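Undergrad: What follows is coords-v8.cif, made up of mmCIF, C-alpha atoms and all ligand atoms:
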data_final
#
loop_
_atom_site.label_atom_id
_atom_site.label_comp_id
_atom_site.auth_asym_id
_atom_site.auth_seq_id
_atom_site.Cartn_x
_atom_site.Cartn_y
_atom_site.Cartn_z
CA MET A 1484 0.50 109.72 88.82
CA GLU A 1485 3.80 111.55 88.89
CA LEU A 1486 6.67 109.29 89.94
CA ALA A 1487 8.86 111.70 91.88
CA GLY A 1488 8.98 110.61 95.53
CA LYS A 1489 6.62 107.66 94.96
CA ALA A 1490 7.18 104.26 96.59
CA VAL A 1491 7.24 101.73 93.75
CA VAL A 1492 7.65 97.95 93.49
CA ILE A 1493 8.55 96.30 90.17
CA THR A 1494 8.52 92.54 89.61
CA GLY A 1495 10.56 90.95 86.84
CA ALA A 1496 12.97 93.86 87.22
CA ALA A 1497 16.19 91.98 86.42
CA SER A 1498 15.83 92.34 82.66
CA GLY A 1499 13.82 93.61 79.73
CA ILE A 1500 10.79 95.83 80.35
CA GLY A 1501 11.06 95.61 84.16
CA ARG A 1502 14.68 96.74 84.13
CA ALA A 1503 13.84 99.63 81.78
CA LEU A 1504 10.96 100.68 84.07
CA ALA A 1505 13.33 100.56 87.07
CA ARG A 1506 15.89 102.76 85.34
CA ARG A 1507 13.33 105.30 84.10
CA PHE A 1508 11.38 105.45 87.39
CA ALA A 1509 14.62 105.89 89.36
CA SER A 1510 15.69 108.76 87.13
CA ASP A 1511 12.25 110.33 87.69
CA GLY A 1512 12.85 110.25 91.46
CA ALA A 1513 10.81 107.20 92.53
CA ARG A 1514 11.92 105.12 95.54
CA LEU A 1515 12.13 101.49 94.45
CA VAL A 1516 11.99 97.94 95.66
CA LEU A 1517 12.75 95.48 92.88
CA CYS A 1518 11.82 91.82 92.65
CA ASP A 1519 13.00 89.01 90.46
CA ARG A 1520 13.66 85.31 90.78
CA ASP A 1521 17.10 85.84 89.20
CA ARG A 1522 19.27 87.01 92.10
CA GLU A 1523 22.43 87.76 90.16
CA LYS A 1524 20.89 89.92 87.45
CA GLY A 1525 18.45 91.44 89.92
CA GLU A 1526 21.26 92.55 92.21
CA GLY A 1527 23.02 94.20 89.28
CA VAL A 1528 19.97 96.31 88.44
CA ALA A 1529 19.21 97.07 92.10
CA ARG A 1530 22.78 98.34 92.63
CA GLU A 1531 22.60 100.43 89.49
CA VAL A 1532 19.37 102.23 90.49
CA GLY A 1533 19.99 102.32 94.25
CA ALA A 1534 17.09 100.00 95.10
CA GLU A 1535 16.56 97.04 97.38
CA LEU A 1536 16.12 93.64 95.70
CA VAL A 1537 13.73 91.00 96.97
CA VAL A 1538 14.35 87.60 95.39
CA ALA A 1539 10.94 86.00 94.95
CA ASP A 1540 8.91 83.79 92.66
CA VAL A 1541 5.72 85.69 91.80
CA ALA A 1542 3.96 82.38 91.11
CA VAL A 1543 4.18 81.53 94.83
CA GLU A 1544 1.69 83.38 97.02
CA SER A 1545 3.82 83.36 100.18
CA ASP A 1546 6.68 84.94 98.19
CA VAL A 1547 4.40 87.72 96.92
CA ARG A 1548 3.02 88.36 100.41
CA ALA A 1549 6.58 88.57 101.77
CA LEU A 1550 7.57 90.94 98.95
CA VAL A 1551 4.68 93.31 99.69
CA ALA A 1552 5.40 93.25 103.43
CA ARG A 1553 9.11 93.85 102.94
CA ALA A 1554 8.57 96.68 100.44
CA ALA A 1555 5.95 98.38 102.62
CA GLY A 1556 8.39 98.15 105.53
CA ALA A 1557 11.33 99.52 103.55
CA LEU A 1558 9.43 102.29 101.74
CA GLY A 1559 6.82 103.15 104.39
CA ARG A 1560 3.99 102.37 101.96
CA ILE A 1561 3.48 101.20 98.35
CA ASP A 1562 2.10 103.82 95.95
CA LEU A 1563 2.56 101.85 92.73
CA PHE A 1564 2.95 98.10 92.26
CA CYS A 1565 4.17 97.04 88.81
CA SER A 1566 3.19 93.41 88.34
CA ASN A 1567 5.45 92.92 85.36
CA ALA A 1568 7.05 89.46 85.59
CA GLY A 1569 5.72 87.08 82.97
CA ILE A 1570 6.76 84.14 80.85
CA PHE A 1571 6.15 82.90 77.32
CA VAL A 1572 5.40 79.32 76.41
CA ALA A 1573 4.83 78.38 72.77
CA GLY A 1574 2.07 75.84 72.38
CA SER A 1575 -1.43 74.75 71.52
CA GLU A 1576 -4.25 72.65 72.92
CA THR A 1577 -1.72 69.78 73.05
CA THR A 1578 0.60 71.58 75.46
CA PRO A 1579 0.83 69.44 78.64
CA ASP A 1580 -1.34 70.47 81.60
CA ALA A 1581 1.74 71.11 83.75
CA GLU A 1582 2.90 73.80 81.29
CA TRP A 1583 -0.61 75.36 81.17
CA ARG A 1584 -0.60 75.47 84.98
CA ARG A 1585 2.90 76.96 85.15
CA ILE A 1586 2.15 79.84 82.76
CA HIS A 1587 -1.22 80.41 84.47
CA GLU A 1588 0.52 80.72 87.85
CA VAL A 1589 3.05 83.25 86.54
CA ASN A 1590 0.95 85.27 84.07
CA VAL A 1591 -2.38 85.30 85.94
CA MET A 1592 -2.13 84.26 89.59
CA SER A 1593 0.85 86.56 90.27
CA HIS A 1594 -1.54 89.52 89.72
CA VAL A 1595 -4.21 87.94 91.95
CA TYR A 1596 -1.67 87.26 94.73
CA ALA A 1597 -0.34 90.82 94.49
CA ALA A 1598 -3.83 92.36 94.60
CA ARG A 1599 -4.73 90.20 97.60
CA ALA A 1600 -1.65 91.38 99.47
CA LEU A 1601 -1.96 95.06 98.46
CA LEU A 1602 -5.67 95.83 98.67
CA PRO A 1603 -6.23 95.87 102.43
CA ALA A 1604 -3.75 98.75 102.93
CA TRP A 1605 -4.83 100.54 99.74
CA LEU A 1606 -8.52 100.41 100.62
CA GLU A 1607 -7.77 101.64 104.11
CA ARG A 1608 -5.71 104.53 102.74
CA GLY A 1609 -8.12 105.23 99.89
CA GLU A 1610 -5.39 105.04 97.24
CA GLY A 1611 -3.03 102.77 95.38
CA TYR A 1612 -1.96 102.14 91.79
CA PHE A 1613 -1.68 98.70 90.16
CA LEU A 1614 0.16 98.42 86.84
CA ALA A 1615 -0.03 95.02 85.16
CA THR A 1616 2.26 94.25 82.26
CA VAL A 1617 -0.11 92.34 80.02
CA SER A 1618 0.47 92.31 76.24
CA ALA A 1619 -1.29 93.10 73.00
CA ALA A 1620 -1.91 89.32 73.08
CA GLY A 1621 -4.38 90.00 75.91
CA LEU A 1622 -6.45 92.25 73.64
CA LEU A 1623 -5.98 90.43 70.35
CA SER A 1624 -4.30 86.99 70.28
CA GLN A 1625 -0.92 85.30 69.97
CA ILE A 1626 -0.30 83.33 66.81
CA GLY A 1627 1.64 80.21 67.85
CA SER A 1628 0.78 80.24 71.55
CA ALA A 1629 -2.59 79.40 73.03
CA PRO A 1630 -1.20 79.45 76.62
CA TYR A 1631 0.20 82.96 76.20
CA ALA A 1632 -2.95 84.34 74.49
CA VAL A 1633 -5.23 82.79 77.11
CA THR A 1634 -3.25 83.86 80.18
CA LYS A 1635 -2.78 87.41 78.91
CA HIS A 1636 -6.54 87.71 78.23
CA ALA A 1637 -7.12 86.53 81.80
CA ALA A 1638 -4.64 89.07 83.17
CA LEU A 1639 -6.45 91.84 81.30
CA ALA A 1640 -9.83 90.62 82.55
CA PHE A 1641 -8.57 90.60 86.14
CA SER A 1642 -7.22 94.15 85.78
CA GLU A 1643 -10.54 95.39 84.34
CA TRP A 1644 -12.36 93.73 87.21
CA LEU A 1645 -10.06 95.36 89.77
CA SER A 1646 -10.74 98.76 88.27
CA ILE A 1647 -14.51 98.20 88.10
CA THR A 1648 -14.64 96.93 91.68
CA TYR A 1649 -12.25 99.27 93.48
CA GLY A 1650 -11.86 102.29 91.15
CA ASP A 1651 -14.28 104.41 93.18
CA ARG A 1652 -12.30 103.61 96.35
CA GLY A 1653 -9.09 105.17 95.07
CA VAL A 1654 -7.50 102.15 93.39
CA ARG A 1655 -6.18 103.02 89.96
CA VAL A 1656 -5.27 100.31 87.45
CA SER A 1657 -3.36 100.35 84.16
CA CYS A 1658 -2.47 97.58 81.74
CA LEU A 1659 0.67 97.87 79.68
CA CYS A 1660 -0.08 96.09 76.39
CA PRO A 1661 2.84 96.19 73.97
CA GLU A 1662 3.36 94.11 70.85
CA GLY A 1663 6.98 93.01 70.29
CA VAL A 1664 9.62 94.46 72.61
CA ARG A 1665 13.30 93.64 72.09
CA THR A 1666 13.98 91.61 75.23
CA ALA A 1667 15.10 88.08 76.10
CA MET A 1668 11.45 87.00 75.85
CA LEU A 1669 11.07 88.10 72.24
CA ASN A 1670 14.21 86.11 71.34
CA GLU A 1671 12.81 83.09 73.15
CA ALA A 1672 9.47 83.42 71.41
CA SER A 1673 11.39 83.77 68.11
CA GLY A 1674 8.67 86.21 67.19
CA PRO A 1675 7.00 86.30 63.81
CA SER A 1676 8.68 88.67 61.38
CA PHE A 1677 5.95 91.34 61.58
CA LEU A 1678 6.42 91.55 65.37
CA LEU A 1679 10.20 91.72 65.06
CA GLU A 1680 9.98 94.48 62.46
CA GLY A 1681 7.68 96.59 64.64
CA ALA A 1682 9.52 95.76 67.87
CA LEU A 1683 10.37 98.60 70.22
CA ASP A 1684 13.23 98.77 72.66
CA ALA A 1685 12.35 98.44 76.34
CA GLU A 1686 13.43 102.03 77.03
CA SER A 1687 10.77 103.43 74.65
CA VAL A 1688 8.18 101.21 76.33
CA ALA A 1689 9.22 102.65 79.72
CA ASP A 1690 8.85 106.21 78.35
CA VAL A 1691 5.32 105.47 77.07
CA THR A 1692 4.49 103.84 80.42
CA VAL A 1693 5.47 106.99 82.32
CA GLU A 1694 3.17 109.01 80.02
CA GLY A 1695 0.32 106.52 80.52
CA LEU A 1696 0.74 106.61 84.31
CA ARG A 1697 0.79 110.39 84.24
CA ALA A 1698 -2.53 110.38 82.33
CA GLU A 1699 -3.80 107.47 84.50
CA ARG A 1700 -5.01 105.66 81.35
CA PHE A 1701 -6.23 102.09 81.78
CA LEU A 1702 -4.71 100.88 78.50
CA ILE A 1703 -1.12 101.85 77.85
CA LEU A 1704 -0.31 101.00 74.23
CA PRO A 1705 3.29 101.61 73.17
CA HIS A 1706 2.42 100.42 69.63
CA PRO A 1707 -0.38 102.75 68.47
CA ARG A 1708 -1.56 100.28 65.79
CA VAL A 1709 -2.82 97.97 68.56
CA ALA A 1710 -5.68 100.42 69.24
CA GLU A 1711 -6.65 100.23 65.57
CA PHE A 1712 -6.55 96.39 65.59
CA VAL A 1713 -8.73 96.29 68.72
CA LYS A 1714 -11.25 98.59 67.02
CA ARG A 1715 -11.36 96.37 63.94
CA LYS A 1716 -11.78 93.25 66.08
CA ALA A 1717 -14.73 94.80 67.95
CA GLU A 1718 -16.37 96.11 64.78
CA ASP A 1719 -16.28 92.84 62.86
CA PRO A 1720 -14.92 89.80 64.74
CA ASP A 1721 -15.46 87.43 61.79
CA ARG A 1722 -13.49 89.65 59.43
CA TRP A 1723 -10.77 90.05 62.08
CA LEU A 1724 -10.53 86.26 62.52
CA ARG A 1725 -10.29 85.74 58.74
CA GLY A 1726 -7.46 88.30 58.66
CA MET A 1727 -5.68 86.52 61.53
CA GLN A 1728 -6.07 83.16 59.76
CA ARG A 1729 -4.43 84.64 56.64
CA LEU A 1730 -1.63 86.10 58.74
CA ARG A 1731 -1.05 82.76 60.49
CA LYS A 1732 -0.85 80.99 57.14
CA LYS A 1733 1.58 83.57 55.77
CA LEU A 1734 3.82 83.25 58.82
CA GLU A 1735 3.79 79.45 58.56
CA GLU A 1736 4.80 79.69 54.89
CA GLU A 1737 7.61 82.10 55.83
CA GLY A 1738 8.82 79.34 58.19
N1 LIG A 1801 9.05 91.18 75.04
C1 LIG A 1801 7.90 91.30 74.46
O1 LIG A 1801 7.80 91.29 73.23
C2 LIG A 1801 6.64 91.48 75.30
C3 LIG A 1801 5.48 91.94 74.65
C4 LIG A 1801 4.33 92.10 75.39
C5 LIG A 1801 4.33 91.86 76.75
N2 LIG A 1801 5.45 91.41 77.36
C6 LIG A 1801 5.39 91.15 78.81
O2 LIG A 1801 6.33 91.96 79.47
C7 LIG A 1801 6.67 91.37 80.71
C8 LIG A 1801 8.18 91.40 80.86
O3 LIG A 1801 8.75 90.60 79.84
P1 LIG A 1801 10.14 90.95 79.12
O4 LIG A 1801 9.89 90.99 77.68
O5 LIG A 1801 10.80 92.08 79.79
O6 LIG A 1801 10.90 89.56 79.40
P2 LIG A 1801 12.28 89.21 80.08
O7 LIG A 1801 12.36 87.73 79.98
O8 LIG A 1801 13.39 90.05 79.56
O9 LIG A 1801 12.06 89.65 81.61
C9 LIG A 1801 11.19 88.97 82.47
C10 LIG A 1801 11.77 89.01 83.87
O10 LIG A 1801 10.83 88.39 84.75
C11 LIG A 1801 11.51 87.49 85.60
N3 LIG A 1801 10.56 86.43 85.97
C12 LIG A 1801 9.98 85.52 85.17
N4 LIG A 1801 9.20 84.69 85.90
C13 LIG A 1801 9.30 85.10 87.18
C14 LIG A 1801 8.75 84.63 88.39
N5 LIG A 1801 7.94 83.56 88.42
N6 LIG A 1801 9.05 85.29 89.53
C15 LIG A 1801 9.87 86.37 89.52
N7 LIG A 1801 10.44 86.84 88.40
C16 LIG A 1801 10.17 86.22 87.25
C17 LIG A 1801 12.67 86.96 84.78
O11 LIG A 1801 13.72 86.45 85.61
C18 LIG A 1801 13.09 88.21 84.01
O12 LIG A 1801 14.05 88.97 84.71
C19 LIG A 1801 6.06 89.96 80.69
O13 LIG A 1801 4.87 89.95 81.47
C20 LIG A 1801 5.75 89.74 79.23
O14 LIG A 1801 4.70 88.83 79.03
C21 LIG A 1801 6.62 91.24 76.67
#
For this file, produce the structure as structure tokens.

TA:
Amino acid sequence: MELAGKAVVITGAASGIGRALARRFASDGARLVLCDRDREKGEGVAREVGAELVVADVAVESDVRALVARAAGALGRIDLFCSNAGIFVAGSETTPDAEWRRIHEVNVMSHVYAARALLPAWLERGEGYFLATVSAAGLLSQIGSAPYAVTKHAALAFSEWLSITYGDRGVRVSCLCPEGVRTAMLNEASGPSFLLEGALDAESVADVTVEGLRAERFLILPHPRVAEFVKRKAEDPDRWLRGMQRLRKKLEEEG
């Protein structure tokens, strides 16, 4: 997909990757509706790129339905929906259920709600493009966070399923799966040193995303080494798990 003239919605557009996508897409000539739950920051970005802002919580289905209706009204149609908003929660099996539910609502159900709202019009028109910001954690794992690893795997699984089910009816799907990106989230996650060292800025991630959308590739991997790790995991899962155990231990020793 080429972005010039396209009607695009981006969630989580007030900062980080979403903001960088908004800036890059706007400079490529896309017409944008932005969404975030942070009104103040969202309005700043919307003003900057000449877009409309819809303040919404993507974990609430009625908010997502209203966002899709408002954007379709403002733009005439939605060509590309970037389901980008997501959160990080550090934790393990002991993380309280309420936290598991919260991250599941934001990192998984937001994509389901968006697809539910978008698909009727897309199937009728015979086209539409869904971009989910997932993570390398959805292909590999996340040392230090079971909730993040699990919800990002689920988001990837849902995206694959969408493509399998509706791909031959004109619905295209991509998953953006970066490792570390220098945003507020990476600071919050106080990422392990190897992620911080390899971290990209959000602008480079936006550039790679535009390339991936142009090629209509399902997996968009701003960090090329992720493809190599996925290959190793598939070839020998036991060896991959032993390697991950060693890495976890090393990171724990580093403190
Ligand atoms: N930063 C990284 O290292 C990294 C790596 C891989 C994937 N990701 C993914 O990229 C996406 C964007 O993250 P980021 O790094 O730009 O983080 P960020 O915290 O800078 O931006 C996330 C934005 O989403 C908004 N948001 C969060 N929950 C929301 C909700 N329920 N409703 C509406 N808006 C909401 C926030 O207000 C914020 O503006 C996330 O899905 C994240 O999991 C980030």

Undergrad: Find, counting only C-alpha atoms, the residue in A:Ala1629, A:Ala1698, A:Val1688, A:Ala1597 that gets nearest to A:Pro1579.

TA: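 Between A:Ala1629, A:Ala1698, A:Val1688, A:Ala1597, the residue approaching A:Pro1579 most closely is A:Ala1629.
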
Undergrad: With only C-alpha atoms and all ligand atoms counted, collect every polymer residue having an atom within 7 Å of ligand LIG 1801 (chain A); state the result as a PyMOL selection string.

TA: chain A and resi 1494-1501+1518-1521+1539-1542+1567-1571+1589-1590+1616-1619+1660-1669

Undergrad: Which of these, A:Leu1696, A:Leu1659, A:Leu1550, A:Ile1626, has the shortest distance to A:Arg1731 once you count all atoms listed in the file?

TA: A:Ile1626

Undergrad: How far is it from atom CA of A:Val1538 to atom CA of A:Val1492, in Å with one decimal?

TA: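 About the pair atom CA of A:Val1538 and atom CA of A:Val1492: they are 12.5 Å apart.
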
Undergrad: Give me the residues near A:Ala1509 as a list in words, where near means some atom within 12 Å (using all atoms listed in the file) and where sequence neighbours in that chain fewer than 4 positions away do not count.

TA: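 Here the qualifying residues turn out to be Leu1486, Ala1487, Gly1488, Lys1489, Ala1490, Val1491, Val1492, Ile1493, Arg1502, Ala1503, Leu1504, Ala1505, Ala1513, Arg1514, Leu1515, Val1516, Leu1517, Val1528, Ala1529, Arg1530, Glu1531, Val1532, Gly1533, Ala1534, Ala1689 and Val1693 of chain A.
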
Undergrad: My list of candidates is A:Ile1561, A:Ala1552, A:Val1547, A:Val1656. Which is closest to A:Trp1644 when distances are computed with only C-alpha atoms?

TA: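 Between A:Ile1561, A:Ala1552, A:Val1547, A:Val1656, the residue approaching A:Trp1644 most closely is A:Val1656.
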
Undergrad: I'd like the neighbourhood of A:Leu1606 as a list in words, where a residue qualifies if any of its atoms comes within 9 Å (using only C-alpha atoms), though same-chain residues fewer than 2 positions away should be ignored.

TA: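 Selected residues are Leu1601, Leu1602, Pro1603, Ala1604, Arg1608, Gly1609, Glu1610, Gly1611, Tyr1649, Arg1652, Gly1653 and Val1654 of chain A.
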
Undergrad: Between A:Arg1522, A:Arg1506, A:His1594, A:His1706, which residue has the minimum interatomic distance to A:Glu1680, considering all atoms listed in the file?

TA: A:His1706

Undergrad: How many Å lie between atom CA of A:Lys1714 and atom CA of A:Trp1583, rounded to one decimal?

TA: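 Answer for the atom CA of A:Lys1714 to atom CA of A:Trp1583 separation: 29.2 Å.
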
Undergrad: A:Asp1690: which residues within 10 Å, counting only C-alpha atoms, same-chain residues fewer than 5 positions away excluded, as a list in words?

TA: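 Surrounding residues, per the criterion: Ala1503, Leu1504, Arg1507, Phe1508, Ala1685, Gly1695 and Pro1705 of chain A.
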